[in-house]
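As provided, final_4.txt (compact mmCIF, C-alpha atoms and all ligand atoms) reads as follows.
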```
# COMPACT_ATOMS: atom_id res chain seq x y z
CA MET A 1 9.06 55.79 22.86
CA THR A 2 5.82 56.49 21.00
CA THR A 3 4.54 53.45 19.21
CA THR A 4 2.00 53.07 16.45
CA PRO A 5 -0.65 50.47 17.21
CA ARG A 6 -0.50 47.44 14.96
CA LYS A 7 -3.52 47.11 12.68
CA PHE A 8 -5.44 43.88 13.29
CA PHE A 9 -4.98 41.37 10.44
CA VAL A 10 -7.19 38.42 9.60
CA GLY A 11 -6.24 36.01 6.83
CA GLY A 12 -8.36 33.20 5.45
CA ASN A 13 -6.35 30.26 4.11
CA TRP A 14 -8.77 28.26 1.99
CA LYS A 15 -6.11 25.57 1.39
CA MET A 16 -7.01 23.02 -1.33
CA ASN A 17 -10.77 23.48 -1.04
CA GLY A 18 -13.61 24.84 -3.12
CA SER A 19 -15.12 24.94 -6.58
CA THR A 20 -16.18 27.78 -8.86
CA LYS A 21 -19.65 27.59 -7.31
CA SER A 22 -18.63 27.46 -3.64
CA ILE A 23 -16.02 30.17 -4.13
CA GLN A 24 -18.54 32.48 -5.78
CA THR A 25 -20.84 31.95 -2.79
CA LEU A 26 -18.02 32.71 -0.36
CA VAL A 27 -16.99 35.86 -2.25
CA ASP A 28 -20.61 36.98 -2.27
CA THR A 29 -20.83 36.50 1.51
CA LEU A 30 -17.63 38.52 2.04
CA ASN A 31 -18.75 41.30 -0.31
CA LYS A 32 -22.07 41.66 1.49
CA ALA A 33 -20.57 41.56 4.99
CA HIS A 34 -19.30 45.17 4.91
CA LEU A 35 -16.21 44.14 6.85
CA PRO A 36 -14.56 46.87 8.99
CA VAL A 37 -11.55 47.34 6.71
CA GLU A 38 -10.59 50.63 8.40
CA GLN A 39 -9.77 48.68 11.55
CA VAL A 40 -8.82 45.26 10.15
CA ASP A 41 -6.77 44.10 7.17
CA VAL A 42 -8.60 41.16 5.60
CA VAL A 43 -6.78 38.90 3.12
CA VAL A 44 -8.04 35.62 1.67
CA ALA A 45 -5.89 32.94 0.06
CA PRO A 46 -7.79 30.84 -2.50
CA PRO A 47 -6.26 27.89 -4.38
CA ALA A 48 -4.09 29.10 -7.28
CA PRO A 49 -6.53 28.27 -10.13
CA TYR A 50 -9.16 30.53 -8.52
CA LEU A 51 -6.94 33.54 -7.75
CA ALA A 52 -8.01 35.51 -10.83
CA LEU A 53 -11.70 34.78 -10.27
CA VAL A 54 -11.51 35.87 -6.63
CA ARG A 55 -9.52 39.02 -7.39
CA SER A 56 -11.92 40.09 -10.13
CA THR A 57 -15.07 39.50 -8.06
CA LEU A 58 -14.05 40.24 -4.46
CA ASP A 59 -14.46 43.75 -3.01
CA SER A 60 -11.20 45.56 -3.83
CA LYS A 61 -10.86 46.63 -0.17
CA LEU A 62 -10.21 43.00 0.73
CA GLY A 63 -6.82 41.52 -0.09
CA VAL A 64 -6.09 38.34 -2.01
CA SER A 65 -3.08 36.11 -1.38
CA ALA A 66 -1.47 33.12 -3.04
CA GLN A 67 -0.84 30.12 -0.80
CA ASN A 68 2.63 29.56 -2.20
CA VAL A 69 5.05 31.16 -4.66
CA TYR A 70 8.28 30.28 -6.43
CA ALA A 71 11.61 32.11 -6.16
CA ALA A 72 12.05 32.93 -9.85
CA LYS A 73 10.44 35.33 -12.29
CA SER A 74 9.84 32.87 -15.13
CA GLY A 75 11.30 29.85 -16.87
CA ALA A 76 11.35 26.08 -16.88
CA PHE A 77 9.76 25.47 -13.47
CA THR A 78 6.76 23.31 -14.33
CA GLY A 79 3.84 23.74 -12.00
CA GLU A 80 5.16 26.76 -10.10
CA THR A 81 3.71 30.24 -9.62
CA SER A 82 5.84 33.31 -10.26
CA PRO A 83 5.41 36.41 -8.11
CA LEU A 84 5.06 38.27 -11.42
CA PHE A 85 1.89 36.29 -12.24
CA LEU A 86 0.43 37.45 -8.96
CA LYS A 87 1.28 41.08 -9.60
CA ASP A 88 -0.16 40.78 -13.11
CA LEU A 89 -3.43 39.61 -11.52
CA ASP A 90 -3.36 42.55 -9.06
CA ILE A 91 -2.65 40.18 -6.18
CA HIS A 92 -0.30 41.62 -3.60
CA TRP A 93 0.15 38.88 -1.03
CA THR A 94 1.50 35.37 -0.73
CA LEU A 95 1.84 32.90 2.12
CA THR A 96 5.22 31.26 2.61
CA GLY A 97 6.33 28.40 4.83
CA HIS A 98 2.95 27.02 5.79
CA SER A 99 3.50 23.90 7.91
CA GLU A 100 1.72 21.80 5.28
CA ARG A 101 4.32 22.89 2.73
CA ARG A 102 7.15 22.23 5.19
CA GLN A 103 5.70 18.81 6.05
CA TYR A 104 4.41 17.47 2.70
CA PHE A 105 6.71 19.28 0.28
CA ARG A 106 9.87 19.24 2.39
CA GLU A 107 10.32 23.00 2.42
CA SER A 108 13.18 23.93 4.72
CA SER A 109 13.37 27.16 6.69
CA GLU A 110 16.21 28.27 4.38
CA TYR A 111 14.07 27.68 1.29
CA VAL A 112 11.12 29.47 2.90
CA ALA A 113 13.38 32.43 3.62
CA GLU A 114 14.64 32.45 0.01
CA LYS A 115 11.10 32.47 -1.34
CA THR A 116 10.02 35.13 1.13
CA LYS A 117 12.90 37.41 0.13
CA PHE A 118 12.28 36.87 -3.57
CA ALA A 119 8.56 37.63 -3.23
CA LEU A 120 9.33 40.78 -1.23
CA ASP A 121 11.88 41.88 -3.83
CA GLN A 122 9.19 41.59 -6.50
CA GLY A 123 6.97 43.91 -4.45
CA LEU A 124 4.66 41.40 -2.80
CA SER A 125 3.75 41.33 0.87
CA VAL A 126 4.19 38.04 2.66
CA ILE A 127 2.45 36.10 5.41
CA ALA A 128 5.35 33.96 6.61
CA CYS A 129 4.34 30.97 8.71
CA ILE A 130 6.21 29.33 11.57
CA GLY A 131 5.27 26.92 14.34
CA GLU A 132 6.27 23.83 16.27
CA SER A 133 4.95 20.26 16.09
CA LEU A 134 3.36 18.43 19.01
CA ILE A 135 6.50 16.44 19.79
CA GLU A 136 8.56 19.62 19.72
CA ARG A 137 6.17 21.28 22.18
CA GLU A 138 6.07 18.24 24.45
CA THR A 139 9.85 18.06 24.60
CA GLY A 140 10.15 21.74 25.48
CA ALA A 141 11.67 22.67 22.13
CA THR A 142 9.06 25.26 21.07
CA ASN A 143 11.21 28.35 21.42
CA ALA A 144 14.26 26.69 19.86
CA VAL A 145 12.17 25.61 16.86
CA LEU A 146 10.70 29.09 16.43
CA ALA A 147 14.19 30.59 16.60
CA SER A 148 15.49 28.12 14.02
CA GLN A 149 12.64 29.04 11.66
CA LEU A 150 13.16 32.77 12.21
CA GLU A 151 16.96 32.76 11.79
CA PRO A 152 17.10 32.28 7.98
CA LEU A 153 14.32 34.87 7.57
CA ALA A 154 16.19 37.42 9.65
CA ALA A 155 19.38 36.69 7.69
CA ALA A 156 17.64 37.22 4.34
CA LEU A 157 15.45 40.25 5.07
CA THR A 158 16.35 43.91 5.46
CA ALA A 159 14.68 46.10 8.09
CA ALA A 160 12.61 47.69 5.30
CA ASP A 161 11.47 44.24 4.11
CA TRP A 162 9.86 43.53 7.48
CA ALA A 163 7.30 46.30 6.89
CA ARG A 164 5.69 43.99 4.31
CA VAL A 165 5.82 40.82 6.39
CA VAL A 166 3.13 39.42 8.68
CA LEU A 167 4.36 36.51 10.80
CA ALA A 168 1.85 33.72 11.37
CA TYR A 169 2.45 31.56 14.44
CA GLU A 170 0.70 28.30 13.69
CA PRO A 171 1.45 25.43 16.08
CA VAL A 172 1.16 22.30 13.93
CA TRP A 173 -0.72 20.44 16.70
CA ALA A 174 -3.50 23.05 16.57
CA ILE A 175 -4.00 23.05 12.79
CA GLY A 176 -7.19 21.35 11.67
CA THR A 177 -7.40 19.44 14.95
CA GLY A 178 -10.00 21.48 16.82
CA LYS A 179 -7.33 21.77 19.53
CA VAL A 180 -6.78 25.52 19.69
CA ALA A 181 -3.84 26.89 21.68
CA THR A 182 -4.99 28.48 24.93
CA PRO A 183 -4.76 32.29 24.92
CA ALA A 184 -1.85 31.96 27.38
CA GLN A 185 0.02 29.43 25.19
CA ALA A 186 -0.43 31.58 22.09
CA GLN A 187 0.50 34.78 23.93
CA ASP A 188 3.67 33.14 25.31
CA ALA A 189 4.78 32.09 21.82
CA HIS A 190 3.95 35.48 20.28
CA LYS A 191 5.81 37.26 23.07
CA TYR A 192 8.82 35.04 22.49
CA ILE A 193 8.73 35.73 18.73
CA ARG A 194 8.52 39.47 19.35
CA SER A 195 11.41 39.39 21.82
CA TRP A 196 13.44 37.32 19.33
CA LEU A 197 12.81 39.98 16.66
CA ALA A 198 13.81 42.74 19.10
CA LYS A 199 17.10 40.99 19.82
CA HIS A 200 18.00 39.69 16.36
CA VAL A 201 16.40 42.24 14.00
CA SER A 202 15.55 45.45 15.86
CA PRO A 203 13.23 46.75 18.59
CA ALA A 204 11.42 48.87 15.98
CA VAL A 205 10.74 45.88 13.73
CA ALA A 206 9.63 43.84 16.76
CA GLN A 207 7.19 46.55 17.77
CA ALA A 208 5.76 47.08 14.29
CA THR A 209 5.51 43.51 12.96
CA ARG A 210 2.12 41.88 13.16
CA ILE A 211 2.21 38.38 14.63
CA ILE A 212 -1.01 36.50 13.96
CA TYR A 213 -2.18 33.18 15.39
CA GLY A 214 -3.43 30.21 13.37
CA GLY A 215 -4.75 26.82 14.42
CA SER A 216 -8.42 25.90 14.97
CA VAL A 217 -9.54 29.52 15.28
CA THR A 218 -13.34 29.81 15.34
CA ALA A 219 -15.94 32.49 16.02
CA GLY A 220 -16.24 30.93 19.49
CA ASN A 221 -12.59 31.16 20.57
CA CYS A 222 -11.30 34.21 18.67
CA GLY A 223 -12.48 36.84 21.18
CA GLU A 224 -10.32 35.63 24.06
CA LEU A 225 -7.27 35.18 21.83
CA ALA A 226 -7.71 38.65 20.33
CA ARG A 227 -7.45 40.23 23.77
CA MET A 228 -3.86 39.05 24.25
CA GLY A 229 -1.32 41.83 23.88
CA ASP A 230 0.94 40.19 21.32
CA ILE A 231 -1.77 38.60 19.15
CA ASP A 232 -2.37 40.93 16.21
CA GLY A 233 -4.84 38.82 14.27
CA PHE A 234 -5.45 35.35 12.88
CA LEU A 235 -4.72 33.02 10.02
CA VAL A 236 -7.89 30.98 9.73
CA GLY A 237 -8.19 27.67 7.89
CA GLY A 238 -11.42 25.68 8.14
CA ALA A 239 -13.55 28.50 9.55
CA SER A 240 -12.50 30.82 6.70
CA LEU A 241 -14.66 28.71 4.36
CA LYS A 242 -17.74 29.45 6.45
CA PRO A 243 -19.81 32.57 7.13
CA GLU A 244 -18.36 32.67 10.68
CA PHE A 245 -15.15 34.08 9.14
CA THR A 246 -16.85 37.48 9.14
CA GLN A 247 -17.25 37.23 12.93
CA ILE A 248 -13.57 36.32 13.34
CA VAL A 249 -12.63 39.45 11.37
CA LYS A 250 -14.47 41.46 14.05
CA ALA A 251 -12.83 39.64 17.00
CA ARG A 252 -11.05 42.76 18.27
CA LEU A 253 -13.86 45.32 17.73
O1 LIG B 301 -3.42 26.19 8.87
C1 LIG B 301 -4.23 27.04 9.21
C2 LIG B 301 -4.29 28.34 8.53
O2 LIG B 301 -3.20 28.51 7.69
C3 LIG B 301 -5.18 26.80 10.31
O3 LIG B 301 -6.10 25.85 9.89
P1 LIG B 301 -7.40 25.54 10.79
O4 LIG B 301 -8.00 26.89 11.16
O5 LIG B 301 -8.28 24.73 9.92
O6 LIG B 301 -6.91 24.83 12.01
```
Since I need it in another form, could you write the structure as structure tokens?
Amino acid sequence: MTTTPRKFFVGGNWKMNGSTKSIQTLVDTLNKAHLPVEQVDVVVAPPAPYLALVRSTLDSKLGVSAQNVYAAKSGAFTGETSPLFLKDLDIHWTLTGHSERRQYFRESSEYVAEKTKFALDQGLSVIACIGESLIERETGATNAVLASQLEPLAAALTAADWARVVLAYEPVWAIGTGKVATPAQAQDAHKYIRSWLAKHVSPAVAQATRIIYGGSVTAGNCGELARMGDIDGFLVGGASLKPEFTQIVKARL
């Protein structure tokens, strides 16, 4: 079977950080970095109020993503963001299912799948996040948790949908803790996710889908992680607010 190599993908999740001033500085740094967009897809996810500013000032070769989206086009849903707003702003990506949304906003895997499907149906691409907590890892439940998070997604999505999905494996215990997964731990989880896709979706989807790692990724640890066969990029939190993000983008070069 001939297989197309998966293009490296690096996302920057700015979470609930920044100001007009700091975001303009960050955009300026990214614009001047001449990032290798032929080899790497680069997508940044600013807080919602800054999406329009970032899209209108960031180099158009770099993608912009929302951090969250709602599963309706419009209506009485105070405080929510429609996928249509994003398209109107020329923004083509959204995150779904980040562990902080699962944890603090009680988003279930079924709800994450519903939002993911709705966003895809409106023409967006999605970075869908999954990952286990520390207690789940310590009790040997990692693979079962990943499967339970993947199941509703696989039930909702068609094979064609998967072409616009990037899966982010983000172990909760590694997020914002400085405790990065070892390359072997991350590779094991990514390999499991890919084998799950092969079995429950299709071998072609498993081969083509990018699975990126998130959790305390830095310029210092990204090189080793990027050499693992099933790690196709990163979703970077804290370090995406710093100039070192440009080095992480080049981790695989
Ligand atoms: O949650 C993350 C990205 O979505 C990872 O955050 P940190 O890189 O700050 O650990």
If you measure from atom CA of Lys179 of chain A to atom CA of Leu30 of chain A, what distance in Å do you get, rounded to one decimal?
26.3 Å
Residues of chain A that have any atom at most 9 Å from an atom of ligand LIG 301 (chain B): could you tabulate them with the shortest-distance atom pair and the distance in Å to one decimal, using all atoms listed in the file, ordered by chain and increasing number, as CSV?
```
residue,atom,partner,partner_atom,distance
A:Gly11,CA,B:LIG301,C2,8.1
A:Gly12,CA,B:LIG301,C2,7.0
A:Asn13,CA,B:LIG301,O2,5.1
A:Trp14,CA,B:LIG301,C2,7.9
A:Lys15,CA,B:LIG301,O2,7.5
A:Gln67,CA,B:LIG301,O2,9.0
A:Leu95,CA,B:LIG301,O2,8.7
A:His98,CA,B:LIG301,O2,6.6
A:Ser99,CA,B:LIG301,O1,7.4
A:Glu100,CA,B:LIG301,O1,7.7
A:Cys129,CA,B:LIG301,O2,8.0
A:Ala168,CA,B:LIG301,O2,8.1
A:Glu170,CA,B:LIG301,O1,6.7
A:Pro171,CA,B:LIG301,O1,8.7
A:Val172,CA,B:LIG301,O1,7.9
A:Trp173,CA,B:LIG301,O6,8.9
A:Ala174,CA,B:LIG301,O6,6.0
A:Ile175,CA,B:LIG301,O6,3.5
A:Gly176,CA,B:LIG301,O6,3.5
A:Thr177,CA,B:LIG301,O6,6.2
A:Gly178,CA,B:LIG301,O6,6.6
A:Lys179,CA,B:LIG301,O6,8.1
A:Val180,CA,B:LIG301,O6,7.7
A:Tyr213,CA,B:LIG301,C2,8.7
A:Gly214,CA,B:LIG301,C3,4.9
A:Gly215,CA,B:LIG301,O6,3.8
A:Ser216,CA,B:LIG301,O6,3.5
A:Val217,CA,B:LIG301,O4,5.1
A:Thr218,CA,B:LIG301,O4,7.4
A:Phe234,CA,B:LIG301,C2,8.3
A:Leu235,CA,B:LIG301,C2,4.9
A:Val236,CA,B:LIG301,O4,4.3
A:Gly237,CA,B:LIG301,O4,3.4
A:Gly238,CA,B:LIG301,O5,3.7
A:Ala239,CA,B:LIG301,O4,6.0
A:Ser240,CA,B:LIG301,O4,7.5
```
For the residues selected in the previous step, produce a file with C-alpha atoms as a tab-separated table (two decimals), in the coordinates of the input.
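Saved to again30.tsv:
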```tsv
chain	number	residue	atom	x	y	z
A	11	GLY	CA	-6.24	36.01	6.83
A	12	GLY	CA	-8.36	33.20	5.45
A	13	ASN	CA	-6.35	30.26	4.11
A	14	TRP	CA	-8.77	28.26	1.99
A	15	LYS	CA	-6.11	25.57	1.39
A	67	GLN	CA	-0.84	30.12	-0.80
A	95	LEU	CA	1.84	32.90	2.12
A	98	HIS	CA	2.95	27.02	5.79
A	99	SER	CA	3.50	23.90	7.91
A	100	GLU	CA	1.72	21.80	5.28
A	129	CYS	CA	4.34	30.97	8.71
A	168	ALA	CA	1.85	33.72	11.37
A	170	GLU	CA	0.70	28.30	13.69
A	171	PRO	CA	1.45	25.43	16.08
A	172	VAL	CA	1.16	22.30	13.93
A	173	TRP	CA	-0.72	20.44	16.70
A	174	ALA	CA	-3.50	23.05	16.57
A	175	ILE	CA	-4.00	23.05	12.79
A	176	GLY	CA	-7.19	21.35	11.67
A	177	THR	CA	-7.40	19.44	14.95
A	178	GLY	CA	-10.00	21.48	16.82
A	179	LYS	CA	-7.33	21.77	19.53
A	180	VAL	CA	-6.78	25.52	19.69
A	213	TYR	CA	-2.18	33.18	15.39
A	214	GLY	CA	-3.43	30.21	13.37
A	215	GLY	CA	-4.75	26.82	14.42
A	216	SER	CA	-8.42	25.90	14.97
A	217	VAL	CA	-9.54	29.52	15.28
A	218	THR	CA	-13.34	29.81	15.34
A	234	PHE	CA	-5.45	35.35	12.88
A	235	LEU	CA	-4.72	33.02	10.02
A	236	VAL	CA	-7.89	30.98	9.73
A	237	GLY	CA	-8.19	27.67	7.89
A	238	GLY	CA	-11.42	25.68	8.14
A	239	ALA	CA	-13.55	28.50	9.55
A	240	SER	CA	-12.50	30.82	6.70
```
Could you pull the residues within 12 Å of Ile212 of chain A, counting all atoms listed in the file, minus those fewer than 5 positions along the same chain, as a PDB file with C-alpha atoms, in the frame of the given file?
```
ATOM      1  CA  ARG A   6      -0.500  47.440  14.960  1.00  0.00           C
ATOM      2  CA  LYS A   7      -3.520  47.110  12.680  1.00  0.00           C
ATOM      3  CA  PHE A   8      -5.440  43.880  13.290  1.00  0.00           C
ATOM      4  CA  PHE A   9      -4.980  41.370  10.440  1.00  0.00           C
ATOM      5  CA  VAL A  10      -7.190  38.420   9.600  1.00  0.00           C
ATOM      6  CA  GLY A  11      -6.240  36.010   6.830  1.00  0.00           C
ATOM      7  CA  GLY A  12      -8.360  33.200   5.450  1.00  0.00           C
ATOM      8  CA  ASP A  41      -6.770  44.100   7.170  1.00  0.00           C
ATOM      9  CA  ILE A 127       2.450  36.100   5.410  1.00  0.00           C
ATOM     10  CA  ALA A 128       5.350  33.960   6.610  1.00  0.00           C
ATOM     11  CA  CYS A 129       4.340  30.970   8.710  1.00  0.00           C
ATOM     12  CA  ILE A 130       6.210  29.330  11.570  1.00  0.00           C
ATOM     13  CA  GLY A 131       5.270  26.920  14.340  1.00  0.00           C
ATOM     14  CA  VAL A 165       5.820  40.820   6.390  1.00  0.00           C
ATOM     15  CA  VAL A 166       3.130  39.420   8.680  1.00  0.00           C
ATOM     16  CA  LEU A 167       4.360  36.510  10.800  1.00  0.00           C
ATOM     17  CA  ALA A 168       1.850  33.720  11.370  1.00  0.00           C
ATOM     18  CA  TYR A 169       2.450  31.560  14.440  1.00  0.00           C
ATOM     19  CA  GLU A 170       0.700  28.300  13.690  1.00  0.00           C
ATOM     20  CA  PRO A 171       1.450  25.430  16.080  1.00  0.00           C
ATOM     21  CA  ALA A 186      -0.430  31.580  22.090  1.00  0.00           C
ATOM     22  CA  GLN A 187       0.500  34.780  23.930  1.00  0.00           C
ATOM     23  CA  ALA A 189       4.780  32.090  21.820  1.00  0.00           C
ATOM     24  CA  HIS A 190       3.950  35.480  20.280  1.00  0.00           C
ATOM     25  CA  LYS A 191       5.810  37.260  23.070  1.00  0.00           C
ATOM     26  CA  ILE A 193       8.730  35.730  18.730  1.00  0.00           C
ATOM     27  CA  ARG A 194       8.520  39.470  19.350  1.00  0.00           C
ATOM     28  CA  VAL A 217      -9.540  29.520  15.280  1.00  0.00           C
ATOM     29  CA  CYS A 222     -11.300  34.210  18.670  1.00  0.00           C
ATOM     30  CA  LEU A 225      -7.270  35.180  21.830  1.00  0.00           C
ATOM     31  CA  ALA A 226      -7.710  38.650  20.330  1.00  0.00           C
ATOM     32  CA  MET A 228      -3.860  39.050  24.250  1.00  0.00           C
ATOM     33  CA  GLY A 229      -1.320  41.830  23.880  1.00  0.00           C
ATOM     34  CA  ASP A 230       0.940  40.190  21.320  1.00  0.00           C
ATOM     35  CA  ILE A 231      -1.770  38.600  19.150  1.00  0.00           C
ATOM     36  CA  ASP A 232      -2.370  40.930  16.210  1.00  0.00           C
ATOM     37  CA  GLY A 233      -4.840  38.820  14.270  1.00  0.00           C
ATOM     38  CA  PHE A 234      -5.450  35.350  12.880  1.00  0.00           C
ATOM     39  CA  LEU A 235      -4.720  33.020  10.020  1.00  0.00           C
ATOM     40  CA  VAL A 236      -7.890  30.980   9.730  1.00  0.00           C
TER      41      VAL A 236
END
```
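For the set A:Lys117, A:Lys32, A:Arg164, A:Arg227, the residue with the smallest atom-to-atom gap to Trp93 of chain A is A:Arg164, counting only C-alpha atoms.
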Which residues come within 12 Å of Ser60 of chain A, counting only C-alpha atoms, excluding same-chain residues fewer than 6 positions away, as a PDB file with C-alpha atoms, in the coordinates of the input?
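So part-v4.pdb came out as:
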```pdb
ATOM      1  CA  VAL A  27     -16.990  35.860  -2.250  1.00  0.00           C
ATOM      2  CA  LEU A  30     -17.630  38.520   2.040  1.00  0.00           C
ATOM      3  CA  ASN A  31     -18.750  41.300  -0.310  1.00  0.00           C
ATOM      4  CA  HIS A  34     -19.300  45.170   4.910  1.00  0.00           C
ATOM      5  CA  LEU A  35     -16.210  44.140   6.850  1.00  0.00           C
ATOM      6  CA  VAL A  37     -11.550  47.340   6.710  1.00  0.00           C
ATOM      7  CA  ASP A  41      -6.770  44.100   7.170  1.00  0.00           C
ATOM      8  CA  VAL A  42      -8.600  41.160   5.600  1.00  0.00           C
ATOM      9  CA  VAL A  43      -6.780  38.900   3.120  1.00  0.00           C
ATOM     10  CA  VAL A  44      -8.040  35.620   1.670  1.00  0.00           C
ATOM     11  CA  VAL A  54     -11.510  35.870  -6.630  1.00  0.00           C
ATOM     12  CA  ASP A  90      -3.360  42.550  -9.060  1.00  0.00           C
ATOM     13  CA  ILE A  91      -2.650  40.180  -6.180  1.00  0.00           C
ATOM     14  CA  HIS A  92      -0.300  41.620  -3.600  1.00  0.00           C
TER      15      HIS A  92
END
```
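The shortest atom-to-atom distance to Leu253 of chain A, with all atoms listed in the file taken into account, belongs to A:Gln39 out of A:Asn17, A:Thr158, A:Thr29, A:Gln39.
Straight-line separation from atom CA of Val112 of chain A to atom CA of Ala155 of chain A: 12.0 Å.
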